[in-house]
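Okay, protein31.tsv now, which holds TSV, C-alpha atoms:
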```
chain	number	residue	atom	x	y	z
A	1	MET	CA	-16.25	-68.15	10.48
A	2	THR	CA	-15.75	-71.93	10.23
A	3	LEU	CA	-16.74	-71.96	6.57
A	4	GLY	CA	-14.50	-68.97	5.85
A	5	ALA	CA	-11.58	-70.57	7.68
A	6	THR	CA	-12.08	-73.79	5.76
A	7	ALA	CA	-12.11	-71.98	2.47
A	8	LEU	CA	-9.05	-69.95	3.35
A	9	THR	CA	-7.28	-73.06	4.60
A	10	THR	CA	-7.83	-74.62	1.19
A	11	VAL	CA	-6.56	-71.50	-0.55
A	12	ALA	CA	-3.58	-71.31	1.81
A	13	SER	CA	-2.70	-74.90	1.04
A	14	ARG	CA	-2.77	-74.23	-2.69
A	15	LEU	CA	-0.55	-71.20	-2.15
A	16	GLY	CA	1.97	-73.30	-0.23
A	17	ILE	CA	0.96	-72.17	3.26
A	18	GLY	CA	0.22	-75.04	5.63
A	19	VAL	CA	-2.02	-74.13	8.56
A	20	ALA	CA	-3.21	-77.50	9.86
A	21	ARG	CA	-0.48	-77.82	12.51
A	22	LEU	CA	-0.12	-74.17	13.47
A	23	ARG	CA	-1.18	-72.65	16.78
A	24	PRO	CA	-4.42	-70.62	16.59
A	25	ARG	CA	-2.68	-67.25	16.56
A	26	ASP	CA	-0.20	-68.37	13.92
A	27	THR	CA	-3.06	-69.88	11.94
A	28	ILE	CA	-4.82	-66.52	11.80
A	29	VAL	CA	-1.64	-64.84	10.56
A	30	ALA	CA	-1.17	-67.55	7.94
A	31	LEU	CA	-4.76	-67.29	6.77
A	32	ARG	CA	-4.48	-63.52	6.45
A	33	THR	CA	-1.30	-64.02	4.43
A	34	ALA	CA	-3.09	-66.50	2.18
A	35	ALA	CA	-6.02	-64.12	1.76
A	36	ALA	CA	-3.67	-61.26	0.82
A	37	ARG	CA	-1.90	-63.43	-1.75
A	38	TYR	CA	-5.23	-64.60	-3.19
A	39	ASP	CA	-6.48	-61.03	-3.47
A	40	GLY	CA	-3.24	-60.14	-5.21
A	41	MET	CA	-3.70	-62.95	-7.70
A	42	LEU	CA	-7.26	-61.84	-8.43
A	43	SER	CA	-6.10	-58.24	-8.93
A	44	MET	CA	-3.41	-59.38	-11.35
A	45	ARG	CA	-5.96	-61.44	-13.28
A	46	ARG	CA	-8.38	-58.53	-13.48
A	47	ALA	CA	-5.58	-56.25	-14.69
A	48	SER	CA	-4.56	-58.78	-17.33
A	49	VAL	CA	-8.14	-59.15	-18.55
A	50	ALA	CA	-8.62	-55.38	-18.66
A	51	THR	CA	-5.40	-54.96	-20.65
A	52	TYR	CA	-6.43	-57.64	-23.13
A	53	VAL	CA	-9.90	-56.16	-23.59
A	54	SER	CA	-8.46	-52.68	-24.14
A	55	ARG	CA	-5.96	-53.86	-26.74
A	56	ARG	CA	-8.37	-56.14	-28.55
A	57	PHE	CA	-11.10	-53.51	-28.63
A	58	ALA	CA	-8.67	-50.95	-30.08
A	59	ASP	CA	-7.66	-53.49	-32.74
A	60	LEU	CA	-11.28	-54.21	-33.68
A	61	SER	CA	-11.96	-50.48	-33.93
A	62	THR	CA	-9.40	-50.26	-36.75
A	63	GLN	CA	-10.75	-53.29	-38.64
A	64	GLY	CA	-14.24	-52.01	-39.38
A	65	HIS	CA	-17.13	-50.03	-37.92
A	66	GLY	CA	-18.47	-52.50	-35.34
A	67	PRO	CA	-17.42	-50.61	-32.21
A	68	GLN	CA	-18.22	-47.25	-33.80
A	69	ARG	CA	-21.88	-48.18	-34.35
A	70	HIS	CA	-22.58	-50.99	-31.94
A	71	GLU	CA	-20.70	-50.53	-28.64
A	72	GLY	CA	-21.30	-48.87	-25.29
A	73	ALA	CA	-20.01	-45.45	-26.35
A	74	VAL	CA	-23.08	-45.43	-28.60
A	75	THR	CA	-25.76	-44.33	-26.16
A	76	ARG	CA	-29.47	-45.12	-26.12
A	77	ALA	CA	-30.14	-41.59	-27.41
A	78	MET	CA	-27.80	-42.22	-30.35
A	79	LEU	CA	-29.61	-45.46	-31.19
A	80	GLU	CA	-32.90	-43.57	-31.21
A	81	ALA	CA	-31.47	-40.77	-33.36
A	82	ARG	CA	-30.19	-43.31	-35.86
A	83	VAL	CA	-33.58	-45.01	-36.20
A	84	LEU	CA	-35.70	-41.86	-36.21
A	85	ARG	CA	-33.49	-39.38	-38.09
A	86	GLY	CA	-30.77	-41.40	-39.80
A	87	ILE	CA	-27.96	-39.98	-37.64
A	88	ASP	CA	-24.88	-42.17	-38.04
A	89	PRO	CA	-23.19	-42.72	-34.66
A	90	MET	CA	-19.85	-42.70	-36.48
A	91	THR	CA	-20.23	-39.09	-37.63
A	92	GLY	CA	-22.98	-37.62	-35.47
A	93	THR	CA	-24.64	-36.43	-38.69
A	94	ARG	CA	-26.67	-37.85	-41.57
A	95	VAL	CA	-23.41	-38.46	-43.44
A	96	ASP	CA	-22.56	-42.16	-43.54
A	97	GLY	CA	-19.18	-42.80	-41.95
A	98	GLU	CA	-18.49	-45.72	-44.28
A	99	THR	CA	-19.66	-44.50	-47.68
A	100	GLY	CA	-19.60	-40.72	-47.33
A	101	GLY	CA	-23.16	-40.62	-48.67
A	102	ARG	CA	-26.43	-40.20	-46.82
A	103	HIS	CA	-26.90	-42.56	-43.90
A	104	ARG	CA	-30.21	-44.34	-44.23
A	105	ALA	CA	-32.21	-44.76	-41.04
A	106	PRO	CA	-32.50	-48.47	-40.23
A	107	ARG	CA	-35.68	-49.91	-38.76
A	108	ALA	CA	-33.71	-51.08	-35.71
A	109	ALA	CA	-30.43	-50.19	-34.03
A	110	SER	CA	-28.60	-52.04	-31.29
A	111	ARG	CA	-25.39	-52.06	-29.28
A	112	PHE	CA	-23.22	-54.02	-26.90
A	113	THR	CA	-23.13	-52.02	-23.69
A	114	SER	CA	-19.38	-52.29	-22.99
A	115	PRO	CA	-16.05	-53.10	-24.64
A	116	GLU	CA	-15.94	-56.26	-22.50
A	117	ALA	CA	-19.22	-57.52	-23.97
A	118	PHE	CA	-18.16	-56.64	-27.50
A	119	VAL	CA	-14.79	-58.39	-27.20
A	120	ALA	CA	-16.33	-61.43	-25.48
A	121	ALA	CA	-18.91	-61.86	-28.23
A	122	GLU	CA	-16.32	-61.48	-30.99
A	123	ASN	CA	-14.02	-63.99	-29.30
A	124	TYR	CA	-16.87	-66.46	-29.04
A	125	VAL	CA	-17.81	-66.05	-32.70
A	126	ARG	CA	-14.25	-66.79	-33.81
A	127	SER	CA	-14.19	-69.94	-31.67
A	128	THR	CA	-17.19	-71.56	-33.34
A	129	PRO	CA	-17.33	-74.22	-36.07
A	130	GLU	CA	-19.63	-71.88	-37.99
A	131	TYR	CA	-16.88	-69.27	-38.15
A	132	ARG	CA	-14.24	-71.75	-39.29
A	133	ALA	CA	-16.51	-73.18	-41.98
A	134	ALA	CA	-17.47	-69.76	-43.33
A	135	ARG	CA	-13.86	-68.54	-43.23
A	136	ASP	CA	-12.56	-71.59	-45.06
A	137	ALA	CA	-15.29	-71.31	-47.68
A	138	ALA	CA	-14.44	-67.65	-48.28
A	139	LEU	CA	-10.74	-68.50	-48.55
A	140	PHE	CA	-10.70	-71.76	-50.48
A	141	ASP	CA	-14.04	-72.67	-52.04
A	142	PRO	CA	-13.94	-71.68	-55.77
A	143	ALA	CA	-17.70	-71.21	-55.68
A	144	TYR	CA	-17.52	-68.91	-52.69
A	145	GLN	CA	-14.40	-66.77	-52.91
A	146	ARG	CA	-16.10	-63.45	-52.32
A	147	GLY	CA	-13.59	-62.12	-49.85
A	148	ALA	CA	-16.24	-61.72	-47.16
A	149	PHE	CA	-18.46	-63.87	-44.99
A	150	GLU	CA	-21.06	-63.72	-42.23
A	151	VAL	CA	-21.44	-65.73	-39.03
A	152	VAL	CA	-24.64	-65.94	-36.97
A	153	VAL	CA	-24.70	-67.37	-33.44
A	154	ARG	CA	-27.21	-67.43	-30.61
A	155	ILE	CA	-26.87	-64.45	-28.30
A	156	GLU	CA	-27.18	-66.68	-25.23
A	157	ASP	CA	-24.15	-68.67	-26.37
A	158	ALA	CA	-22.06	-65.58	-27.07
A	159	LEU	CA	-22.84	-63.66	-23.87
A	160	GLY	CA	-24.14	-66.22	-21.39
A	161	LEU	CA	-26.11	-65.15	-18.34
A	162	ASN	CA	-25.05	-61.51	-18.69
A	163	LEU	CA	-26.83	-60.99	-22.00
A	164	LEU	CA	-29.61	-58.78	-20.64
A	165	THR	CA	-27.13	-56.23	-19.29
A	166	SER	CA	-24.70	-56.64	-22.19
A	167	VAL	CA	-26.96	-55.50	-25.03
A	168	GLU	CA	-29.52	-52.81	-25.77
A	169	GLY	CA	-31.57	-51.90	-28.79
A	170	VAL	CA	-34.53	-49.94	-30.14
A	171	MET	CA	-36.77	-50.47	-33.13
A	172	ARG	CA	-39.32	-48.42	-35.00
A	173	ILE	CA	-42.84	-49.80	-34.65
A	174	GLY	CA	-44.76	-47.13	-36.55
A	175	HIS	CA	-44.34	-43.96	-38.56
A	176	ARG	CA	-41.46	-41.73	-37.41
A	177	SER	CA	-43.88	-38.92	-36.58
A	178	GLY	CA	-46.22	-41.16	-34.58
A	179	PRO	CA	-46.83	-40.70	-30.84
A	180	VAL	CA	-45.01	-43.93	-29.83
A	181	PRO	CA	-42.60	-44.64	-32.68
A	182	LEU	CA	-40.05	-46.76	-30.79
A	183	ALA	CA	-39.97	-49.90	-28.69
A	184	ALA	CA	-37.19	-51.60	-26.77
A	185	MET	CA	-35.67	-54.54	-28.57
A	186	ASP	CA	-36.44	-57.96	-27.08
A	187	PHE	CA	-33.26	-60.07	-27.08
A	188	ASP	CA	-34.86	-63.25	-25.79
A	189	GLY	CA	-33.98	-65.84	-28.43
A	190	GLY	CA	-31.92	-63.24	-30.31
A	191	LEU	CA	-28.73	-63.54	-32.32
A	192	VAL	CA	-25.29	-62.04	-32.77
A	193	ILE	CA	-24.42	-61.30	-36.39
A	194	ALA	CA	-20.76	-60.80	-37.28
A	195	ARG	CA	-19.54	-59.84	-40.74
A	196	PHE	CA	-15.92	-60.32	-41.80
A	197	ARG	CA	-13.76	-59.54	-44.82
A	198	ILE	CA	-10.53	-61.22	-45.85
A	199	ALA	CA	-7.59	-58.79	-45.57
A	200	ALA	CA	-4.69	-58.69	-48.01
A	201	ASP	CA	-2.67	-60.96	-45.73
A	202	GLY	CA	-5.41	-63.58	-45.76
A	203	GLU	CA	-6.62	-62.88	-42.22
A	204	PRO	CA	-10.33	-62.22	-41.55
A	205	GLN	CA	-11.07	-58.76	-40.20
A	206	LEU	CA	-14.28	-57.81	-38.43
A	207	VAL	CA	-16.34	-55.41	-40.54
A	208	THR	CA	-19.19	-55.14	-38.05
A	209	MET	CA	-20.97	-57.09	-35.33
A	210	LEU	CA	-24.33	-56.43	-33.78
A	211	PRO	CA	-26.87	-58.03	-31.45
A	212	VAL	CA	-30.20	-58.73	-33.10
A	213	GLY	CA	-33.42	-58.97	-31.13
A	214	ARG	CA	-36.18	-61.47	-31.63
A	215	ARG	CA	-38.60	-58.86	-32.99
A	216	GLU	CA	-36.21	-57.57	-35.66
```
So that I can check it, write out the structure of this file as structure tokens.
Amino acid sequence: MTLGATALTTVASRLGIGVARLRPRDTIVALRTAAARYDGMLSMRRASVATYVSRRFADLSTQGHGPQRHEGAVTRAMLEARVLRGIDPMTGTRVDGETGGRHRAPRAASRFTSPEAFVAAENYVRSTPEYRAARDAALFDPAYQRGAFEVVVRIEDALGLNLLTSVEGVMRIGHRSGPVPLAAMDFDGGLVIARFRIAADGEPQLVTMLPVGRRE
């Protein structure tokens, strides 16, 4: 109770509610008022973050195929189907959603488990010196004006302490018809790979982004 009152007194002070000279009953009312205001501020912040994530994720979905192949709507079963049978998560068939041809089964497939994780990782990538250097080279270096570039960062840096719940992946460890053809991807020491292309207006757009495990 004392610790809680101290904390709330501090919060109340920052919210412009002085409680040091109030009578005990008035102090309780003031602290409850401070707590209600603080809860309201947290709710507004959460709503703002949720709105930003929703808008940014929708924007990234139009830039390339990152969310369509590597985000939480892609389930574990879809990752396994992609590795074992070449089923593209974008189409739900063996038709490649990007090329229109046959989708080749990769040796490994991975995903970010939520829009929040996907957006957070992409935001981090764009904040790095590696991103700025690769972008500037793609834009201005005569020897490197390919219109596209790739950025690789450590997964721990991009996702922090939540990385183990923010990513998932599977990889083929033997023949597709074997008794134990798949293993869970180990992301300890893994990477985030982001690929960009330069749009007509000169702005980089995300083509795709995926978490890569140590064993890949």
*With all atoms listed in the file counted, which protein, DNA or RNA residues have an atom no more than 7 Å from (-17.1, -52.9, -41.5) in the file frame? Please answer as a VMD selection string.*
chain A and resid 63 to 66 206 to 208
*From the set A:Ala108, A:Arg135, A:Ser61, A:Gly189, which residue has the shortest atom-to-atom contact distance to Ile173 (chain A), counting all atoms listed in the file?*
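Of A:Ala108, A:Arg135, A:Ser61, A:Gly189, the one nearest Ile173 (chain A) is A:Ala108, counting all atoms listed in the file.
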*asked:* Quick one: residues within 12 Å of His175 (chain A), only C-alpha atoms, excluding same-chain residues fewer than 5 positions away - as a PyMOL selection string?
replied: chain A and resi 83-85+107+180-182
Restricting the output to C-alpha atoms, write the selected residues as a tab-separated table (two decimals), keeping the file's coordinate frame.
```
chain	number	residue	atom	x	y	z
A	83	VAL	CA	-33.58	-45.01	-36.20
A	84	LEU	CA	-35.70	-41.86	-36.21
A	85	ARG	CA	-33.49	-39.38	-38.09
A	107	ARG	CA	-35.68	-49.91	-38.76
A	180	VAL	CA	-45.01	-43.93	-29.83
A	181	PRO	CA	-42.60	-44.64	-32.68
A	182	LEU	CA	-40.05	-46.76	-30.79
```
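We find CA of Gly101 (chain A) and CA of Val192 (chain A) to be spaced 26.8 Å apart.
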*Restricting the calculation to all atoms listed in the file, which member of A:Arg69, A:Arg172, A:Arg55, A:Arg197 is positioned closest to Leu139 (chain A)?*
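Looking only at the distances to Leu139 (chain A), the closest residue turns out to be A:Arg197.
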*From the list A:Val170, A:Ala58, A:Leu191, A:Ala137, which residue is nearest Ala77 (chain A) when using only C-alpha atoms?*
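Going through A:Val170, A:Ala58, A:Leu191, A:Ala137 one by one, the smallest distance to Ala77 (chain A) is for A:Val170.
Distance-wise, CA of Arg195 (chain A) and CA of Gly147 (chain A) end up 11.1 Å apart.
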*asked:* As an exercise, work out the distance from CA of Ala105 (chain A) to CA of Glu71 (chain A) in Å and give it to one decimal place.
replied: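 CA of Glu71 (chain A) lies at a distance of 17.9 Å from CA of Ala105 (chain A).
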*Which residues, protein or nucleic acid, reach to within 12 Å of (-29.5, -44.2, -36.2) in the file's coordinates when using all atoms listed in the file, and can you give that as a PyMOL selection string?*
chain A and resi 68-70+74-97+102-111+169-172
_as an NGL selection string, please: the residues near Glu122 (chain A) (cut-off 12 Å, only C-alpha atoms, same-chain neighbours under 4 positions excluded)._
:A and (53 or 56-57 or 59-60 or 66-67 or 112 or 115-118 or 126-128 or 131 or 151-153 or 155 or 157-159 or 192-196 or 205-211)
